[in-house]
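Enquirer: Quick one: the structure is below, and I'll ask about it shortly.
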Amino acid sequence: MSESIGNEMYTLRINGQDRPVVDAWVGESLLYVLRERLELPGAKGACEQGECGSCTVLMDGDAVCSCLVMAATAVGAEIVTVEGLIEKDPSMAATAEVIASQITDVQQAFITEGGVQCGFCTPGLIVAVHHLLDKNPDPTELQVKESISGNICRCTGYGRIFAAVEAVVQVRKASR
Amino acid sequence: MTVAVPLSLIEAFDELARTPDARLIQGGTDLMVEINFNHVKPVDVIALRRIKELRTWQVNSNNTITIGSGVPYQEMEVGQLKELLPALAEAARTVGSPQIRAAGTLGGNLGTCSPAGDGLPVLFALDAIVHLQSLKSSRDLSIHEFMLGVKRNARHTNEIITGVTVPVLDGWQGYAKVGVRNAMVISVASACLAVDKKNNSVRIALGAVGPTIIRCRDAESWLVQQLDLTSATSIDTTIAQEFGRRVALESKPIDDHRSTAEYRRHAVGVLAQRLITRAYTS
Ligand SMILES: Cc1cc2nc3c(=O)[nH]c(=O)nc-3n(C[C@H](O)[C@H](O)[C@H](O)COP(=O)(O)OP(=O)(O)OC[C@H]3O[C@@H](n4cnc5c(N)ncnc54)[C@H](O)[C@@H]3O)c2cc1C
């Protein structure tokens with residue numbers, strides 16, 4: 001049945017959980033709702049017009065800019081944010097050591113290869129790279145470049161980011 | 001404000017009857033920018049993203065393809081759609097970024113009707129039919145009648161664009177675009193060329209160089225007299241150049257924040273020359 005949502009409540013499916021959104025203006029972007037209403041500040045807001053990619057999340061398996069998704073229209077979609085890429089053990093407190101032990105191979109490679117400088121674009125890039133490698137475990141250089149062409153980084157010059165992607169590809173290959 | 005998320009076209013028309021001034025939203029890549037920047041504050045919104053009927057495409061028995069208005073660009077870049085409609089695949093691949101192509105659709109490109117919309121020159125070159133439907137009726141409009149001007153089209157507010165139908169042509173086709181960089185760029189000038197061997201014709205349509213997409217009918221009929229489009233395997237540089245010059249003459253560009261009229265006219269001439277050269281390079 002058609003769902004019509006006024007300024008009341010709707011529920012989004014985020015990182016495997018049902019998350020009610022209460023008392024929100026229904027025209028809000030998914031980015032705004034994630035950050036300001038659901039305490040998921042991983043996706044970053046910069047341009048709010050789909051140019052920078054720092055707000056990238058997965059929606060039904062596609063990498064999209066959450067700033068261009070009207071949150072209330074995302075009911076029924078499976079949304080994964082950068083926070084959801086980590087398999088958390090809820091029994092453990094979120095200390096620095098625990099977080100370090102839970103980060104993904106892509107996140108670790110970004111750290112090891114120096115693909116993080118100011119860090120603002122990093123969450124969006126991590127989501128985009130996970131999305132790429134899940135679909136295409138052995139991408140060509142051009143495919144890597146194209147897949148992150150919607151994620152703008154002004155610090156690294158991208159070289160270290162490509163190195164990080166390559167490192168993940170090699171590690172995953174070796175463990176297959 | 002209300003947001004409706006219908007699961008079928010029927011439900012969408014019910015919503016549209018209930019809230020006749022509602023804005024439709026498909027991928028959101030145009031409309032959300034307007035909303036984020038407070039340029040638009042819709043009272044009611046009807047989201048089409050969960051309507052499966054709009055997210056499919058099919059090859060018809062009469063050698064045409066119907067593409068639902070909600071099919072995202074990323075699906076046009078690959079597989080059978082790419083094989084059968086290579087110009088559309090090339091145009092789709094130039095749109096924004098992977099994130100934009102995962103969300104953006106032809107329905108939205110047609111809804112916005114910007115002369116710089118990358119889907120539109122392809123639809124003009126292929127003489128696409130736009131399918132419009134309302135609660136009580138439906139109509140098919142030629143793309144040439146659908147686009148009326150800069151961000152103006154012939155859609156009535158009670159209609160939903162359900163899709164477009166284009167022919168599968170026998171002959172080379174391609175799309176080329178000039179912008180300030182490769183990724184994430186709105187075109188400064190663009191061109192789609194399609195050879196139709198069966199009818200011994202060539203079609204060229206220009207984007208971002210006029211209030212609507214421009215079909216260069218004079219250049220098209222001139223070229224047919226210079227070249228046997230069906231059997232030619234190469235093209236003289238002088239003919240390709242002259243074709244480009246004639247195409248440029250038919251453009252109606254303006255100066256704006258993205259470029260100048262002079263540059264745009266020059267650019268479409270070069271694009272046309274390159275496209276026809278690619279078409280006849282064996
Ligand atoms: C960063 C960025 C880069 C971009 N780059 C490009 C580019 O390179 N080339 C390009 O052409 N465009 C580009 N765009 C613009 C946009 O992505 C395209 O115009 C896209 O086709 C819009 O589709 P959508 O489904 O997202 O539209 P929406 O934003 O959902 O809708 C756009 C308009 O169409 C109307 N509409 C949508 N669906 C229907 C329907 N079924 N029936 C009737 N009306 C409808 C809506 O009411 C709205 O007015 C870019 C946008 C962004 C944010």
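Just remember, in the structure tokens the first chain shown is A, the second B, etc., residues are 1-based per chain, and ligands are 1-based in the order shown.
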Extract, using only C-alpha atoms, all DNA, RNA and protein residues at most 9 Å from segment 92-104 of chain B, discarding same-chain residues fewer than 5 positions from it, and format them as a short mmCIF file (atom, residue, chain, number, x, y, z; two decimals) with C-alpha atoms, in the first residue's frame.
Expert:
data_model
loop_
_atom_site.label_atom_id
_atom_site.label_comp_id
_atom_site.auth_asym_id
_atom_site.auth_seq_id
_atom_site.Cartn_x
_atom_site.Cartn_y
_atom_site.Cartn_z
CA GLY A 50 25.98 15.65 -4.82
CA GLU A 51 29.33 16.95 -6.01
CA GLY A 53 30.66 12.40 -2.28
CA THR A 56 28.09 8.54 0.35
CA ASP A 62 24.04 1.23 -4.63
CA ALA A 63 26.47 3.92 -3.51
CA VAL A 64 24.50 7.18 -3.48
CA CYS A 65 24.86 10.67 -2.08
CA LEU A 68 20.28 13.88 -2.54
CA VAL A 69 17.95 11.33 -0.98
CA ALA A 128 32.69 3.87 -2.23
CA GLU A 146 36.03 5.95 -12.15
CA SER A 147 34.49 4.39 -9.08
CA ILE A 148 35.78 7.14 -6.82
CA SER A 149 35.33 9.95 -9.34
CA GLY A 150 32.35 11.11 -7.29
CA ASN A 151 34.43 11.46 -4.11
CA GLN B 26 12.50 10.05 -8.88
CA GLY B 27 16.27 9.91 -8.23
CA GLY B 28 16.22 13.28 -6.50
CA THR B 29 19.48 14.42 -8.08
CA ASP B 30 17.90 17.58 -9.46
CA GLY B 70 12.83 5.36 -13.34
CA VAL B 71 15.66 3.29 -14.82
CA PRO B 72 18.89 4.76 -13.43
CA TYR B 73 21.72 5.75 -15.78
CA GLN B 74 23.99 3.02 -14.41
CA GLU B 75 21.77 0.41 -16.09
CA MET B 76 22.11 2.11 -19.49
CA GLU B 77 25.89 1.97 -19.33
CA ALA B 87 24.92 6.52 -27.83
CA ASN B 109 16.26 14.51 -17.11
CA GLY B 117 20.74 17.37 -19.90
CA ASP B 118 22.89 14.59 -21.34
CA GLY B 119 20.06 12.18 -22.04
CA ALA B 176 30.40 13.46 -27.14
CA LYS B 177 30.49 16.23 -24.59
CA ASN B 182 36.06 14.61 -17.17
CA ALA B 183 34.08 13.65 -14.11
CA MET B 184 31.13 15.42 -12.57
CA VAL B 185 30.53 18.08 -15.13
CA ILE B 186 27.52 19.70 -16.69
#
Enquirer: Which residues in segment 32-172 of chain B does DSSP call strand (DSSP E or B)? List them as a PyMOL selection string.
Expert: chain B and resi 44-47+57-59+64-68+72+105+129-133+138-142+147-149+152-153+160-167
Enquirer: Print the selection's residues with N, CA and C atoms to a file, as an mmCIF file, in the first residue's frame.
Expert:
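Heads up, here's the output in result26.cif:
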data_model
loop_
_atom_site.group_PDB
_atom_site.id
_atom_site.type_symbol
_atom_site.label_atom_id
_atom_site.label_comp_id
_atom_site.auth_asym_id
_atom_site.auth_seq_id
_atom_site.Cartn_x
_atom_site.Cartn_y
_atom_site.Cartn_z
ATOM 1 N N ASP B 44 3.792 19.119 -1.133
ATOM 2 C CA ASP B 44 3.627 17.665 -1.156
ATOM 3 C C ASP B 44 4.579 17.057 -2.179
ATOM 4 N N VAL B 45 5.045 15.872 -1.858
ATOM 5 C CA VAL B 45 5.981 15.183 -2.744
ATOM 6 C C VAL B 45 5.490 13.760 -2.960
ATOM 7 N N ILE B 46 5.564 13.307 -4.194
ATOM 8 C CA ILE B 46 5.263 11.908 -4.483
ATOM 9 C C ILE B 46 6.540 11.271 -5.018
ATOM 10 N N ALA B 47 7.037 10.294 -4.283
ATOM 11 C CA ALA B 47 8.282 9.632 -4.672
ATOM 12 C C ALA B 47 7.964 8.437 -5.558
ATOM 13 N N TRP B 57 12.879 -1.950 -18.362
ATOM 14 C CA TRP B 57 12.947 -1.597 -19.782
ATOM 15 C C TRP B 57 12.727 -2.874 -20.571
ATOM 16 N N GLN B 58 12.320 -2.705 -21.825
ATOM 17 C CA GLN B 58 12.086 -3.904 -22.630
ATOM 18 C C GLN B 58 12.343 -3.648 -24.107
ATOM 19 N N VAL B 59 12.742 -4.717 -24.793
ATOM 20 C CA VAL B 59 12.900 -4.645 -26.241
ATOM 21 C C VAL B 59 11.563 -5.055 -26.841
ATOM 22 N N THR B 64 12.091 -1.698 -31.341
ATOM 23 C CA THR B 64 12.254 -0.491 -30.536
ATOM 24 C C THR B 64 12.485 -0.930 -29.090
ATOM 25 N N ILE B 65 12.921 0.027 -28.284
ATOM 26 C CA ILE B 65 13.138 -0.251 -26.866
ATOM 27 C C ILE B 65 12.361 0.772 -26.053
ATOM 28 N N THR B 66 11.656 0.288 -25.049
ATOM 29 C CA THR B 66 10.968 1.194 -24.134
ATOM 30 C C THR B 66 11.707 1.166 -22.798
ATOM 31 N N ILE B 67 12.126 2.352 -22.377
ATOM 32 C CA ILE B 67 12.875 2.462 -21.124
ATOM 33 C C ILE B 67 12.022 3.214 -20.117
ATOM 34 N N GLY B 68 11.775 2.589 -18.978
ATOM 35 C CA GLY B 68 10.977 3.220 -17.926
ATOM 36 C C GLY B 68 11.644 4.482 -17.411
ATOM 37 N N PRO B 72 17.746 3.882 -13.660
ATOM 38 C CA PRO B 72 18.893 4.762 -13.434
ATOM 39 C C PRO B 72 19.936 4.647 -14.557
ATOM 40 N N THR B 105 17.834 9.555 -13.436
ATOM 41 C CA THR B 105 17.021 8.825 -14.416
ATOM 42 C C THR B 105 16.687 9.703 -15.627
ATOM 43 N N ILE B 129 9.935 8.751 -28.503
ATOM 44 C CA ILE B 129 8.555 9.033 -28.099
ATOM 45 C C ILE B 129 8.520 9.048 -26.577
ATOM 46 N N VAL B 130 7.934 10.096 -26.023
ATOM 47 C CA VAL B 130 7.808 10.207 -24.565
ATOM 48 C C VAL B 130 6.405 9.757 -24.162
ATOM 49 N N HIS B 131 6.336 8.835 -23.220
ATOM 50 C CA HIS B 131 5.037 8.335 -22.764
ATOM 51 C C HIS B 131 4.603 9.074 -21.505
ATOM 52 N N LEU B 132 3.413 9.660 -21.573
ATOM 53 C CA LEU B 132 2.856 10.404 -20.445
ATOM 54 C C LEU B 132 1.543 9.760 -20.062
ATOM 55 N N GLN B 133 1.323 9.650 -18.760
ATOM 56 C CA GLN B 133 0.100 8.994 -18.326
ATOM 57 C C GLN B 133 -0.519 9.772 -17.161
ATOM 58 N N SER B 138 -3.742 8.474 -21.396
ATOM 59 C CA SER B 138 -2.311 8.453 -21.648
ATOM 60 C C SER B 138 -2.062 9.002 -23.035
ATOM 61 N N ARG B 139 -0.876 9.573 -23.242
ATOM 62 C CA ARG B 139 -0.556 10.076 -24.575
ATOM 63 C C ARG B 139 0.925 9.895 -24.841
ATOM 64 N N ASP B 140 1.231 9.811 -26.121
ATOM 65 C CA ASP B 140 2.615 9.675 -26.575
ATOM 66 C C ASP B 140 2.986 10.938 -27.323
ATOM 67 N N LEU B 141 4.070 11.546 -26.911
ATOM 68 C CA LEU B 141 4.499 12.779 -27.569
ATOM 69 C C LEU B 141 5.876 12.572 -28.150
ATOM 70 N N SER B 142 6.088 13.110 -29.346
ATOM 71 C CA SER B 142 7.445 13.106 -29.887
ATOM 72 C C SER B 142 8.307 13.982 -28.983
ATOM 73 N N MET B 147 9.842 18.802 -25.476
ATOM 74 C CA MET B 147 10.709 19.849 -24.914
ATOM 75 C C MET B 147 10.343 21.181 -25.557
ATOM 76 N N LEU B 148 9.934 22.153 -24.719
ATOM 77 C CA LEU B 148 9.440 23.414 -25.256
ATOM 78 C C LEU B 148 10.465 24.538 -25.145
ATOM 79 N N GLY B 149 11.346 24.458 -24.192
ATOM 80 C CA GLY B 149 12.323 25.529 -23.996
ATOM 81 C C GLY B 149 13.198 25.200 -22.816
ATOM 82 N N ARG B 152 11.454 23.842 -19.789
ATOM 83 C CA ARG B 152 10.009 23.842 -20.026
ATOM 84 C C ARG B 152 9.648 22.649 -20.880
ATOM 85 N N ASN B 153 8.584 21.950 -20.475
ATOM 86 C CA ASN B 153 8.149 20.823 -21.300
ATOM 87 C C ASN B 153 6.630 20.764 -21.338
ATOM 88 N N ILE B 160 2.337 11.718 -15.289
ATOM 89 C CA ILE B 160 3.638 11.149 -14.925
ATOM 90 C C ILE B 160 4.297 10.689 -16.219
ATOM 91 N N ILE B 161 5.559 11.019 -16.372
ATOM 92 C CA ILE B 161 6.311 10.490 -17.514
ATOM 93 C C ILE B 161 6.607 9.033 -17.166
ATOM 94 N N THR B 162 6.078 8.113 -17.964
ATOM 95 C CA THR B 162 6.297 6.707 -17.607
ATOM 96 C C THR B 162 7.503 6.107 -18.319
ATOM 97 N N GLY B 163 7.881 6.678 -19.453
ATOM 98 C CA GLY B 163 9.045 6.135 -20.139
ATOM 99 C C GLY B 163 9.229 6.754 -21.508
ATOM 100 N N VAL B 164 10.210 6.235 -22.224
ATOM 101 C CA VAL B 164 10.466 6.680 -23.598
ATOM 102 C C VAL B 164 10.651 5.448 -24.474
ATOM 103 N N THR B 165 10.297 5.601 -25.747
ATOM 104 C CA THR B 165 10.553 4.519 -26.699
ATOM 105 C C THR B 165 11.464 5.047 -27.801
ATOM 106 N N VAL B 166 12.513 4.284 -28.070
ATOM 107 C CA VAL B 166 13.474 4.670 -29.115
ATOM 108 C C VAL B 166 13.718 3.484 -30.041
ATOM 109 N N PRO B 167 14.072 3.767 -31.297
ATOM 110 C CA PRO B 167 14.338 2.664 -32.218
ATOM 111 C C PRO B 167 15.741 2.097 -32.024
#
Enquirer: Using only C-alpha atoms, which protein or nucleic acid residues come within 9 Å of segment 102-105 of chain A? Drop anything in the same chain fewer than 4 positions from it, and give the result as an MDAnalysis selection string.
Expert: chainID A and resid 85:89 97:98 109:110 168 171:172
Enquirer: Atoms to include: all heavy atoms. Write the selected residues as a CSV table (one decimal), in the first residue's frame.
Expert:
chain,number,residue,atom,x,y,z
A,85,LEU,N,29.5,-0.7,8.2
A,85,LEU,CA,30.5,-1.6,7.6
A,85,LEU,C,31.2,-2.4,8.6
A,85,LEU,O,31.8,-3.4,8.3
A,85,LEU,CB,31.5,-0.8,6.7
A,85,LEU,CG,30.9,0.0,5.6
A,85,LEU,CD1,31.9,0.9,4.9
A,85,LEU,CD2,30.3,-1.0,4.5
A,86,ILE,N,31.3,-1.9,9.8
A,86,ILE,CA,32.0,-2.6,10.9
A,86,ILE,C,31.0,-3.5,11.6
A,86,ILE,O,29.9,-3.2,11.9
A,86,ILE,CB,32.5,-1.5,11.9
A,86,ILE,CG1,33.5,-0.6,11.2
A,86,ILE,CG2,33.1,-2.2,13.1
A,86,ILE,CD1,34.0,0.5,12.1
A,87,GLU,N,31.5,-4.7,11.9
A,87,GLU,CA,30.7,-5.6,12.7
A,87,GLU,C,31.0,-5.4,14.1
A,87,GLU,O,32.0,-5.9,14.6
A,87,GLU,CB,30.9,-7.1,12.2
A,87,GLU,CG,30.5,-7.3,10.8
A,87,GLU,CD,30.2,-8.7,10.4
A,87,GLU,OE1,30.2,-9.6,11.3
A,87,GLU,OE2,29.9,-8.9,9.3
A,88,LYS,N,30.2,-4.7,14.8
A,88,LYS,CA,30.4,-4.4,16.2
A,88,LYS,C,30.0,-5.5,17.1
A,88,LYS,O,29.0,-6.2,16.9
A,88,LYS,CB,29.6,-3.1,16.5
A,88,LYS,CG,30.3,-1.8,16.0
A,88,LYS,CD,29.8,-0.7,16.9
A,88,LYS,CE,30.0,0.6,16.2
A,88,LYS,NZ,29.1,0.9,15.2
A,89,ASP,N,30.8,-5.6,18.1
A,89,ASP,CA,30.4,-6.5,19.2
A,89,ASP,C,29.8,-5.6,20.3
A,89,ASP,O,30.5,-4.9,20.9
A,89,ASP,CB,31.6,-7.3,19.7
A,89,ASP,CG,31.2,-8.2,20.9
A,89,ASP,OD1,30.1,-8.0,21.4
A,89,ASP,OD2,32.1,-9.0,21.3
A,97,GLU,N,41.0,1.2,21.4
A,97,GLU,CA,41.6,-0.1,21.1
A,97,GLU,C,40.5,-1.0,20.5
A,97,GLU,O,40.8,-1.7,19.5
A,97,GLU,CB,42.1,-0.8,22.3
A,97,GLU,CG,43.3,-0.2,23.0
A,97,GLU,CD,42.9,1.0,23.9
A,97,GLU,OE1,42.1,0.7,24.8
A,97,GLU,OE2,43.4,2.1,23.7
A,98,VAL,N,39.3,-1.0,21.0
A,98,VAL,CA,38.2,-1.8,20.5
A,98,VAL,C,37.9,-1.4,19.1
A,98,VAL,O,37.8,-2.3,18.2
A,98,VAL,CB,37.0,-1.8,21.4
A,98,VAL,CG1,35.8,-2.4,20.7
A,98,VAL,CG2,37.3,-2.5,22.7
A,109,ALA,N,43.7,-0.3,5.4
A,109,ALA,CA,44.6,0.0,4.3
A,109,ALA,C,44.7,1.6,4.1
A,109,ALA,O,45.8,2.1,3.8
A,109,ALA,CB,44.1,-0.6,3.0
A,110,PHE,N,43.7,2.3,4.3
A,110,PHE,CA,43.7,3.7,4.2
A,110,PHE,C,44.7,4.3,5.3
A,110,PHE,O,45.5,5.2,5.0
A,110,PHE,CB,42.3,4.4,4.4
A,110,PHE,CG,41.6,4.6,3.1
A,110,PHE,CD1,41.2,3.6,2.3
A,110,PHE,CD2,41.3,5.9,2.7
A,110,PHE,CE1,40.5,3.8,1.1
A,110,PHE,CE2,40.6,6.1,1.5
A,110,PHE,CZ,40.2,5.1,0.7
A,168,VAL,N,44.3,-3.5,-0.5
A,168,VAL,CA,43.2,-4.3,-0.1
A,168,VAL,C,43.0,-5.4,-1.2
A,168,VAL,O,42.8,-6.6,-0.8
A,168,VAL,CB,41.9,-3.5,0.0
A,168,VAL,CG1,40.7,-4.4,0.4
A,168,VAL,CG2,42.0,-2.4,1.0
A,171,VAL,N,45.6,-8.1,-0.6
A,171,VAL,CA,45.4,-8.9,0.6
A,171,VAL,C,44.2,-9.8,0.4
A,171,VAL,O,44.2,-11.0,0.8
A,171,VAL,CB,45.1,-8.0,1.8
A,171,VAL,CG1,44.7,-8.8,3.0
A,171,VAL,CG2,46.4,-7.2,2.1
A,172,ARG,N,43.1,-9.3,-0.2
A,172,ARG,CA,41.9,-10.2,-0.4
A,172,ARG,C,42.2,-11.3,-1.3
A,172,ARG,O,41.7,-12.4,-1.2
A,172,ARG,CB,40.7,-9.3,-0.9
A,172,ARG,CG,40.1,-8.4,0.2
A,172,ARG,CD,38.8,-7.9,-0.3
A,172,ARG,NE,38.3,-6.9,0.7
A,172,ARG,CZ,37.1,-6.3,0.6
A,172,ARG,NH1,36.3,-6.5,-0.5
A,172,ARG,NH2,36.7,-5.4,1.5
Enquirer: Distance atom CA of Leu123 of chain B-atom CA of His39 of chain B, one decimal place?
Expert: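 Here the two named atoms are 28.4 Å from each other.
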Enquirer: Taking only C-alpha atoms and all ligand atoms into account, name the residue in A:Asp134, A:Ser66, A:Thr81, A:Ala93 that is nearest to ligand 1.
Expert: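 Ranked by minimum distance to ligand 1, first place goes to A:Ser66.
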Enquirer: Could you pull out the residues in segment 3-45 of chain A that DSSP calls helix (DSSP H, G or I) from the backbone, as a VMD selection string?
Expert: chain A and resid 30 to 37
Enquirer: Smallest atom-to-atom distance to ligand 1: which of B:Leu106, B:Glu34, B:Ile51, B:Glu90, using only C-alpha atoms and all ligand atoms?
Expert: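 Using only C-alpha atoms and all ligand atoms, the shortest distance to ligand 1 belongs to B:Leu106.
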Enquirer: May I have the residues within 9 Å of Gly115 of chain A as an MDAnalysis selection string, using only C-alpha atoms and disregarding those fewer than 3 positions away in the same chain?
Expert: chainID A and resid 109:112 119 122 156 158:164
Enquirer: My list of candidates is A:Val127, A:Leu40, A:Ile152, A:Val21. Which is closest to ligand 1 when distances are computed with only C-alpha atoms and all ligand atoms?
Expert: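 Checking each candidate against ligand 1, we get A:Ile152 as the closest.
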Enquirer: Between atom CA of Ile5 of chain A and atom 24 (P, counted along the ligand's line) of ligand 1, measure the distance and give it in Å to one decimal.
Expert: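 The value is 21.0 Å.
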Enquirer: Using only C-alpha atoms and all ligand atoms, which of B:Lys151, B:Lys82, B:Arg203, B:Lys198 sits nearest ligand 1?
Expert: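 Among B:Lys151, B:Lys82, B:Arg203, B:Lys198, it is B:Lys151 that comes nearest to ligand 1.
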